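K.L.:
Data: run-v8.csv, CSV, C-alpha atoms.
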chain,number,residue,atom,x,y,z
K,1,MET,CA,-3.8,-56.8,-30.2
K,2,THR,CA,-4.5,-53.8,-27.9
K,3,PRO,CA,-3.4,-54.5,-24.4
K,4,ARG,CA,-6.0,-54.2,-21.7
K,5,ARG,CA,-5.6,-51.4,-19.2
K,6,LEU,CA,-6.1,-52.6,-15.7
K,7,PRO,CA,-8.5,-50.5,-13.6
K,8,ARG,CA,-6.9,-48.3,-11.1
K,9,SER,CA,-7.3,-49.3,-7.5
K,10,ALA,CA,-9.3,-47.2,-5.1
K,11,SER,CA,-6.1,-46.3,-3.2
K,12,ALA,CA,-4.5,-44.9,-6.4
K,13,ASP,CA,-7.6,-42.7,-7.0
K,14,ASP,CA,-7.5,-41.6,-3.4
K,15,LEU,CA,-3.9,-40.7,-3.7
K,16,LEU,CA,-4.4,-38.6,-6.8
K,17,THR,CA,-7.3,-36.8,-5.2
K,18,THR,CA,-5.3,-36.1,-2.1
K,19,LEU,CA,-2.4,-34.8,-4.2
K,20,GLY,CA,-4.8,-32.5,-6.1
K,21,LEU,CA,-6.2,-31.1,-2.9
K,22,LEU,CA,-2.7,-30.6,-1.4
K,23,THR,CA,-1.6,-28.8,-4.6
K,24,ALA,CA,-4.6,-26.5,-4.5
K,25,GLN,CA,-4.1,-25.7,-0.8
K,26,ALA,CA,-0.4,-25.0,-1.4
K,27,ARG,CA,-1.3,-22.7,-4.3
K,28,GLN,CA,-3.8,-20.9,-2.2
K,29,GLY,CA,-1.3,-20.6,0.7
K,30,ALA,CA,1.3,-19.2,-1.6
K,31,GLU,CA,-1.1,-16.7,-3.0
K,32,GLU,CA,-2.2,-15.6,0.6
K,33,GLN,CA,1.4,-15.3,1.6
K,34,ARG,CA,2.2,-13.2,-1.5
K,35,ALA,CA,-0.7,-11.0,-0.7
K,36,ARG,CA,0.5,-10.5,2.9
K,37,VAL,CA,4.0,-9.7,1.7
K,38,ASP,CA,2.6,-7.2,-0.9
K,39,LEU,CA,0.6,-5.6,1.9
K,40,ALA,CA,3.5,-5.4,4.2
K,41,GLU,CA,5.7,-3.9,1.6
K,42,ALA,CA,3.0,-1.3,0.7
K,43,LEU,CA,2.6,-0.4,4.4
K,44,GLN,CA,6.4,-0.2,4.8
K,45,ARG,CA,6.9,2.2,1.9
K,46,GLU,CA,3.9,4.4,2.8
K,47,MET,CA,5.2,4.8,6.3
K,48,LEU,CA,8.7,5.8,5.3
K,49,PRO,CA,9.2,9.6,4.9
K,50,GLU,CA,9.3,11.0,1.3
K,51,THR,CA,12.0,13.5,2.2
K,52,LEU,CA,14.6,14.1,4.9
K,53,PRO,CA,15.6,17.4,6.5
K,54,SER,CA,18.9,19.0,5.5
K,55,LEU,CA,20.6,22.3,5.8
K,56,PRO,CA,23.7,24.1,4.5
K,57,GLY,CA,26.6,21.9,5.4
K,58,LEU,CA,24.5,18.8,6.2
K,59,ARG,CA,23.2,16.6,3.4
K,60,THR,CA,21.1,13.6,4.0
K,61,ALA,CA,19.9,10.5,2.0
K,62,ALA,CA,18.4,7.1,2.7
K,63,ARG,CA,17.7,3.8,1.1
K,64,TYR,CA,15.3,0.9,1.9
K,65,ALA,CA,15.3,-2.5,0.2
K,66,PRO,CA,13.0,-5.4,1.0
K,67,ALA,CA,14.3,-8.9,1.5
K,68,ARG,CA,15.1,-10.7,-1.8
K,69,ASP,CA,12.8,-13.7,-1.0
K,70,GLY,CA,10.0,-11.4,-0.1
K,71,LEU,CA,9.3,-13.1,3.2
K,72,ASP,CA,11.3,-11.1,5.8
K,73,ILE,CA,9.8,-7.6,5.2
K,74,GLY,CA,8.1,-5.1,7.3
K,75,GLY,CA,10.3,-4.2,10.3
K,76,ASP,CA,13.0,-1.7,9.2
K,77,TRP,CA,12.5,2.1,9.2
K,78,TYR,CA,14.3,5.4,9.0
K,79,ASP,CA,13.1,8.9,9.7
K,80,GLY,CA,14.2,12.5,9.9
K,81,PHE,CA,12.4,15.6,11.1
K,82,VAL,CA,12.8,19.1,12.6
K,83,MET,CA,12.5,19.2,16.4
K,84,PRO,CA,10.7,22.1,18.2
K,85,ASP,CA,14.1,23.7,19.2
K,86,GLY,CA,15.2,23.8,15.6
K,87,SER,CA,17.6,20.9,15.8
K,88,LEU,CA,17.2,17.9,13.5
K,89,GLY,CA,16.1,14.5,14.8
K,90,PHE,CA,17.0,11.2,12.9
K,91,SER,CA,16.1,7.6,13.7
K,92,ILE,CA,16.6,4.2,12.3
K,93,GLY,CA,15.4,0.9,13.6
K,94,ASP,CA,14.4,-2.7,13.1
K,95,VAL,CA,11.3,-4.4,14.6
K,96,GLN,CA,11.7,-8.0,15.7
K,97,GLY,CA,9.5,-10.1,13.5
K,98,HIS,CA,8.3,-9.5,10.0
K,99,ASP,CA,5.1,-9.3,7.9
K,100,VAL,CA,2.1,-7.0,8.3
K,101,GLU,CA,2.2,-7.0,12.1
K,102,ALA,CA,5.8,-5.8,12.2
K,103,ALA,CA,5.1,-3.2,9.5
K,104,ALA,CA,2.2,-1.8,11.6
K,105,PHE,CA,4.3,-1.8,14.8
K,106,MET,CA,7.1,-0.1,13.0
K,107,GLY,CA,4.8,2.7,12.1
K,108,GLN,CA,3.7,3.1,15.7
K,109,ILE,CA,7.3,3.4,16.9
K,110,ARG,CA,8.2,5.9,14.3
K,111,ILE,CA,5.3,8.1,15.1
K,112,GLY,CA,5.8,7.5,18.8
K,113,LEU,CA,9.4,8.8,18.6
K,114,ARG,CA,8.3,11.9,16.8
K,115,ALA,CA,5.6,12.5,19.5
K,116,VAL,CA,8.1,12.0,22.4
K,117,ALA,CA,10.6,14.4,20.6
K,118,LEU,CA,8.0,17.2,20.9
K,119,ALA,CA,8.7,17.2,24.7
K,120,ALA,CA,12.3,16.0,24.9
K,121,THR,CA,15.3,16.8,22.9
K,122,ASP,CA,17.9,14.6,24.6
K,123,PRO,CA,18.3,11.4,22.5
K,124,GLY,CA,18.6,9.2,25.6
K,125,GLU,CA,15.4,10.7,27.1
K,126,VAL,CA,13.6,10.3,23.8
K,127,LEU,CA,14.4,6.6,23.7
K,128,GLY,CA,13.6,6.2,27.4
K,129,ARG,CA,10.2,7.7,27.1
K,130,ALA,CA,9.5,5.8,23.9
K,131,ASN,CA,10.6,2.6,25.5
K,132,ASP,CA,8.2,3.1,28.5
K,133,LEU,CA,5.4,3.9,26.2
K,134,LEU,CA,5.9,0.7,24.2
K,135,VAL,CA,6.2,-1.4,27.4
K,136,SER,CA,2.9,0.0,28.6
K,137,VAL,CA,1.2,-1.1,25.4
K,138,GLY,CA,2.0,-4.7,26.2
K,139,ARG,CA,2.9,-5.9,22.7
K,140,ASP,CA,5.0,-9.0,22.2
K,141,LEU,CA,7.2,-7.3,19.7
K,142,PHE,CA,10.3,-5.2,20.4
K,143,ALA,CA,12.6,-3.0,18.3
K,144,THR,CA,16.2,-1.9,18.1
K,145,CYS,CA,16.8,1.7,17.4
K,146,THR,CA,19.3,4.6,17.1
K,147,PHE,CA,18.2,8.2,17.6
K,148,LEU,CA,20.3,11.2,16.6
K,149,ARG,CA,20.0,14.9,17.3
K,150,PHE,CA,22.0,17.4,15.2
K,151,ASP,CA,22.3,20.9,16.6
K,152,PRO,CA,22.8,23.4,13.7
K,153,THR,CA,24.1,26.0,16.1
K,154,THR,CA,26.8,24.1,17.9
K,155,TRP,CA,27.4,21.6,15.2
K,156,VAL,CA,27.2,18.8,17.7
K,157,LEU,CA,25.8,15.4,17.0
K,158,GLU,CA,24.2,13.5,19.9
K,159,SER,CA,23.2,9.8,19.6
K,160,ALA,CA,21.7,7.1,21.8
K,161,ARG,CA,21.3,3.4,20.9
K,162,ALA,CA,18.7,0.9,22.0
K,163,GLY,CA,20.2,-2.5,21.1
K,164,HIS,CA,20.9,-1.4,17.6
K,165,VAL,CA,23.9,-2.2,15.3
K,166,PRO,CA,26.7,0.4,15.4
K,167,ALA,CA,26.8,3.3,13.1
K,168,VAL,CA,29.8,4.0,10.9
K,169,TRP,CA,31.6,7.4,11.1
K,170,GLY,CA,34.2,8.6,8.7
K,171,THR,CA,36.1,11.9,8.3
K,172,ALA,CA,37.6,13.7,5.4
K,173,ASP,CA,41.2,12.8,6.5
K,174,GLY,CA,40.5,9.1,5.8
K,175,TRP,CA,39.8,8.0,9.4
K,176,CYS,CA,36.8,5.7,9.7
K,177,GLU,CA,35.4,3.2,12.3
K,178,ALA,CA,32.3,1.5,13.5
K,179,ALA,CA,30.9,3.6,16.4
K,180,GLN,CA,30.7,1.1,19.3
K,181,ASP,CA,28.8,3.5,21.5
K,182,PRO,CA,27.3,2.3,24.8
K,183,GLY,CA,23.6,1.7,24.7
K,184,GLY,CA,20.6,0.1,26.4
K,185,LEU,CA,18.1,-2.7,25.7
K,186,PRO,CA,15.9,-2.7,22.6
K,187,LEU,CA,12.7,-0.7,22.9
K,188,GLY,CA,9.7,-2.5,24.4
K,189,ILE,CA,11.4,-5.0,26.7
K,190,GLU,CA,12.1,-3.5,30.2
K,191,PRO,CA,10.5,-0.4,31.7
K,192,GLY,CA,12.8,2.3,33.1
K,193,GLU,CA,15.7,1.4,30.8
K,194,ALA,CA,18.4,4.1,30.5
K,195,TYR,CA,20.1,5.0,27.3
K,196,PRO,CA,23.4,6.8,27.5
K,197,VAL,CA,24.1,9.6,25.0
K,198,THR,CA,27.3,9.9,23.0
K,199,THR,CA,28.3,13.5,21.9
K,200,ARG,CA,30.4,14.2,18.8
K,201,ARG,CA,31.6,17.7,17.8
K,202,LEU,CA,31.9,17.7,14.0
K,203,THR,CA,35.2,19.6,13.6
K,204,GLN,CA,35.9,17.9,10.2
K,205,GLY,CA,33.9,17.1,7.2
K,206,GLY,CA,32.8,13.5,7.0
K,207,ALA,CA,29.9,11.1,6.9
K,208,PHE,CA,27.8,9.5,9.7
K,209,VAL,CA,26.1,6.3,8.4
K,210,LEU,CA,23.2,4.5,10.2
K,211,LEU,CA,22.0,1.1,9.0
K,212,THR,CA,20.1,-2.0,10.0
K,213,ASP,CA,21.4,-5.5,10.4
K,214,GLY,CA,20.1,-6.6,7.0
K,215,VAL,CA,22.9,-4.5,5.4
K,216,ILE,CA,25.7,-6.2,7.3
K,217,GLU,CA,24.5,-9.6,8.5
K,218,GLY,CA,23.4,-12.8,6.8
K,219,PRO,CA,23.3,-16.6,7.2
K,220,ALA,CA,27.0,-16.9,6.2
K,221,VAL,CA,28.1,-13.3,7.0
K,222,PRO,CA,28.9,-12.4,10.6
K,223,ILE,CA,28.1,-8.9,11.7
K,224,GLU,CA,31.7,-8.0,12.2
K,225,ALA,CA,32.6,-8.9,8.6
K,226,GLY,CA,29.6,-6.8,7.3
K,227,LEU,CA,30.6,-3.8,9.4
K,228,ALA,CA,34.1,-4.0,8.2
K,229,ARG,CA,32.9,-4.0,4.6
K,230,VAL,CA,30.7,-0.9,5.2
K,231,THR,CA,33.5,0.8,7.0
K,232,ARG,CA,35.7,0.5,3.9
K,233,VAL,CA,32.9,1.8,1.7
K,234,VAL,CA,32.4,4.8,4.0
K,235,ALA,CA,36.1,5.5,4.3
K,236,ALA,CA,36.4,5.6,0.5
K,237,GLY,CA,33.2,7.7,0.1
K,238,THR,CA,33.2,10.4,2.8
K,239,GLY,CA,33.6,13.1,0.1
K,240,ALA,CA,30.8,11.7,-2.1
K,241,ASP,CA,27.3,13.0,-2.5
K,242,ALA,CA,25.0,11.6,0.3
K,243,ASP,CA,22.7,9.9,-2.2
K,244,VAL,CA,25.7,8.2,-3.9
K,245,LEU,CA,27.1,7.1,-0.6
K,246,ALA,CA,23.8,5.7,0.6
K,247,ALA,CA,23.5,3.6,-2.6
K,248,GLU,CA,27.1,2.3,-2.2
K,249,VAL,CA,26.5,1.3,1.4
K,250,MET,CA,23.2,-0.5,0.4
K,251,LYS,CA,25.2,-2.6,-2.0
K,252,ALA,CA,26.8,-4.3,1.0
K,253,ALA,CA,23.5,-6.1,1.5
K,254,GLU,CA,24.1,-8.1,-1.6
K,255,PHE,CA,27.0,-9.9,0.2
K,256,THR,CA,24.7,-11.0,3.0
K,257,GLY,CA,22.3,-12.9,0.8
K,258,HIS,CA,19.7,-10.2,1.3
K,259,THR,CA,17.6,-12.5,3.5
K,260,ASP,CA,16.3,-9.6,5.6
K,261,ASP,CA,15.0,-6.2,4.7
K,262,ALA,CA,17.6,-3.4,4.9
K,263,ALA,CA,17.8,0.3,5.5
K,264,VAL,CA,20.5,2.9,5.3
K,265,LEU,CA,20.5,6.6,6.5
K,266,VAL,CA,23.4,8.8,5.6
K,267,LEU,CA,24.4,12.2,7.0
K,268,CYS,CA,27.2,13.9,5.1
K,269,HIS,CA,28.5,16.9,7.0
K,270,ASP,CA,31.0,19.7,6.4
K,271,ALA,CA,33.3,20.9,9.2
K,272,ALA,CA,31.7,23.1,11.8
K,273,PRO,CA,31.7,26.8,11.0
K,274,ALA,CA,34.3,28.8,12.9
K,275,GLY,CA,33.0,31.1,15.6
K,276,PRO,CA,32.0,31.2,19.2
K,277,GLU,CA,28.8,29.2,18.5
K,278,GLY,CA,30.3,26.8,16.0
K,279,GLY,CA,31.9,23.5,16.8
K,280,ALA,CA,35.3,24.2,15.4
K,281,GLY,CA,38.2,24.0,17.8
Since I need it in another form, could you write the structure as C-alpha cells?

P.N.:
Amino acid sequence: MTPRRLPRSASADDLLTTLGLLTAQARQGAEEQRARVDLAEALQREMLPETLPSLPGLRTAARYAPARDGLDIGGDWYDGFVMPDGSLGFSIGDVQGHDVEAAAFMGQIRIGLRAVALAATDPGEVLGRANDLLVSVGRDLFATCTFLRFDPTTWVLESARAGHVPAVWGTADGWCEAAQDPGGLPLGIEPGEAYPVTTRRLTQGGAFVLLTDGVIEGPAVPIEAGLARVTRVVAAGTGADADVLAAEVMKAAEFTGHTDDAAVLVLCHDAAPAGPEGGAG
C-alpha cells in the first residue's frame, strides 16, 4: 500500500518561496560585490606606475598585493617620479576605506602629490600643500602617506610622514631599524598641518624600505611584531637585488592573514660617491 503524502501547508510553501528569494538576492549581492571588487582592483593596478625611476647607485622596486578575501582592496599606492630639480620623489600611502571609492581617491592623491611636487621639493611642504588641497575638497576619506626626496648630487634622502607606518632602513654593516621619524596627521584631516622632515646622508650602502600596514599588521598580528619581522628581512637582504628584497618583504604579509591590501617600495642604495658634492664623510 502506497502511503498517502499529506499536502504541504501554506506556511511551508511560503517558507520555501522566501528561502528561494533570499538565495537569489544573496547570489545577486555576491555577484555585485565581486564586480565592485574586480573594478576596484582594475582601477588600483591601472593607477600604479608601470616603472620607477632609478639611477647609477640607486635601484628601486615595488610590489602590490590585494587582500586575500578580495574585500579590502583599493586604498594602497606607491609612486616614483623625477622632480623638476632633477631629484627623485617617491611616495607610498594608504587610503582609509576600501572598494571603488577608495581606489578613486587614491588616484587623486597620487596625482595631487605629483602636481604639488612641481612647485615644492621639500617633502614636508609637499605633504602640507597636498593635505590642504585634500581638506579643501571636503571628502570624508583620509590617507596616511610617506614622501621621500632623493638628491642624486648630495646623496641625501629626505622624508616626511603623514600618519604612516615607519619605514625600515638597513645598512651594509648589518645595522637595521624601523625609522620612527616624527610626523604629522594623515592627509585630509586638519588644514595647516605641519610635517617635519628627516634628513639622512647615505654614507653606506643599504636599503630603505617603505610599506603599508597590510604588510605588517593583521587581526592577530600587532604592528610591532610585523615591523620586527620586516626589520629582520631587510637586515638579511640589504645586499640583495631591489626586486628580490621587495618580494621577500611582501612575504611578511602572509603572516598577517592578508586581510588588507599591501604595498612595498624598496630603494637599494650604494654609498655616496666621494667628493665635495657627494655625501661621503

K.L.:
Hey, which of K:Pro191, K:Pro56, K:Gly170, K:Gly239 ends up closest to K:Leu134? Count all atoms listed in the file.

P.N.:
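Going through K:Pro191, K:Pro56, K:Gly170, K:Gly239 one by one, the smallest distance to K:Leu134 is for K:Pro191.
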
K.L.:
Taking 2 positions as the minimum chain separation for residues in the same chain, which residues sit within 7 Å of stretch 119-123 of chain K when counting only C-alpha atoms? Answer as a list in words.

P.N.:
Val116, Ala117, Glu125, Val126, Leu127, Phe147, Leu148, Arg149, Glu158, Ser159, Ala160 and Val197 of chain K

K.L.:
What is the distance between atom CA of K:Thr144 and atom CA of K:Ala240, in Å to one decimal?

P.N.:
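These atoms are spaced 28.4 Å apart.
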
K.L.:
Could you jot down the atom CA of K:Asp213 to atom CA of K:Tyr195 separation for me, Å, one decimal place?

P.N.:
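Between atom CA of K:Asp213 and atom CA of K:Tyr195 the gap is 19.9 Å.
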
K.L.:
Env of K:Cys268: 9 Å cut, atoms = all atoms listed in the file, seq-sep filter 6 positions within chain, self excluded. Answer as a list in words.

P.N.:
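The contact residues come out as Gly57, Leu58, Arg59, Thr60, Ala61, Gly205, Gly206, Ala207, Phe208, Val209, Thr238, Gly239, Ala240, Asp241, Ala242 and Leu245 of chain K.
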
K.L.:
Just the number, please: distance in Å from atom CA of K:Gly93 to atom CA of K:Val234, one decimal.

P.N.:
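Result for atom CA of K:Gly93 versus atom CA of K:Val234: 19.9 Å, one decimal.
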
K.L.:
Can you tell me, as a list in words, which residues sit within 8 Å of (8.2, 2.3, 20.1) in the file's frame, using only C-alpha atoms?

P.N.:
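Counting only C-alpha atoms, I find these residues within 8 Å of (8.2, 2.3, 20.1): Phe105, Met106, Gln108, Ile109, Arg110, Gly112, Leu113, Ala130, Asn131, Leu133, Leu134, Phe142, Ala143, Leu187 and Gly188 of chain K.
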
K.L.:
Take the residues that were just selected and, keeping C-alpha atoms, output them as an mmCIF file, in the frame of the given file.

P.N.:
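As written to disk, out.cif reads:
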data_model
loop_
_atom_site.group_PDB
_atom_site.id
_atom_site.type_symbol
_atom_site.label_atom_id
_atom_site.label_comp_id
_atom_site.auth_asym_id
_atom_site.auth_seq_id
_atom_site.Cartn_x
_atom_site.Cartn_y
_atom_site.Cartn_z
ATOM 1 C CA PHE K 105 4.300 -1.800 14.800
ATOM 2 C CA MET K 106 7.100 -0.100 13.000
ATOM 3 C CA GLN K 108 3.700 3.100 15.700
ATOM 4 C CA ILE K 109 7.300 3.400 16.900
ATOM 5 C CA ARG K 110 8.200 5.900 14.300
ATOM 6 C CA GLY K 112 5.800 7.500 18.800
ATOM 7 C CA LEU K 113 9.400 8.800 18.600
ATOM 8 C CA ALA K 130 9.500 5.800 23.900
ATOM 9 C CA ASN K 131 10.600 2.600 25.500
ATOM 10 C CA LEU K 133 5.400 3.900 26.200
ATOM 11 C CA LEU K 134 5.900 0.700 24.200
ATOM 12 C CA PHE K 142 10.300 -5.200 20.400
ATOM 13 C CA ALA K 143 12.600 -3.000 18.300
ATOM 14 C CA LEU K 187 12.700 -0.700 22.900
ATOM 15 C CA GLY K 188 9.700 -2.500 24.400
#

K.L.:
Out of K:Gly80, K:Gly174, K:Gly107, K:Gly75, which residue has the shortest atom-to-atom distance to K:Gln204 when counting only C-alpha atoms?

P.N.:
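Checking each candidate against K:Gln204, we get K:Gly174 as the closest.
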
K.L.:
I'd like to know which of K:Ala194, K:Ala67, K:Ala102, K:Ala235 is closest to K:Thr259, using all atoms listed in the file.

P.N.:
K:Ala67

K.L.:
Between K:Glu50, K:Asp132, K:Asp79, K:Asp140, single out the one closest to K:Gly192, counting all atoms listed in the file.

P.N.:
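Ranked by minimum distance to K:Gly192, first place goes to K:Asp132.
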
K.L.:
Just checking: using all atoms listed in the file, which residue out of K:Thr203, K:Ala272, K:Trp175, K:Ile216 ends up closest to K:Glu254?

P.N.:
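Under the stated criterion, the closest residue is K:Ile216.
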
K.L.:
Would you mind telling me which residue in K:Ala103, K:Ile223, K:Ile189, K:Cys176 lies nearest to K:Gly237 when using only C-alpha atoms?

P.N.:
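Closest candidate: K:Cys176.
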
K.L.:
Please determine the residues with any atom at most 8 Å from (27.1, 22.0, 15.0) (coordinates as given in the file, with all atoms listed in the file counting) and report them as a VMD selection string.

P.N.:
chain K and resid 150 to 157 201 to 202 272 to 273 278 to 279

K.L.:
Suppose we keep C-alpha atoms; can you now write the selection as a compact mmCIF listing (two decimals), in the coordinates of the input?

P.N.:
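This is the output file again-v3.txt:
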# COMPACT_ATOMS: atom_id res chain seq x y z
CA PHE K 150 22.00 17.40 15.20
CA ASP K 151 22.30 20.90 16.60
CA PRO K 152 22.80 23.40 13.70
CA THR K 153 24.10 26.00 16.10
CA THR K 154 26.80 24.10 17.90
CA TRP K 155 27.40 21.60 15.20
CA VAL K 156 27.20 18.80 17.70
CA LEU K 157 25.80 15.40 17.00
CA ARG K 201 31.60 17.70 17.80
CA LEU K 202 31.90 17.70 14.00
CA ALA K 272 31.70 23.10 11.80
CA PRO K 273 31.70 26.80 11.00
CA GLY K 278 30.30 26.80 16.00
CA GLY K 279 31.90 23.50 16.80
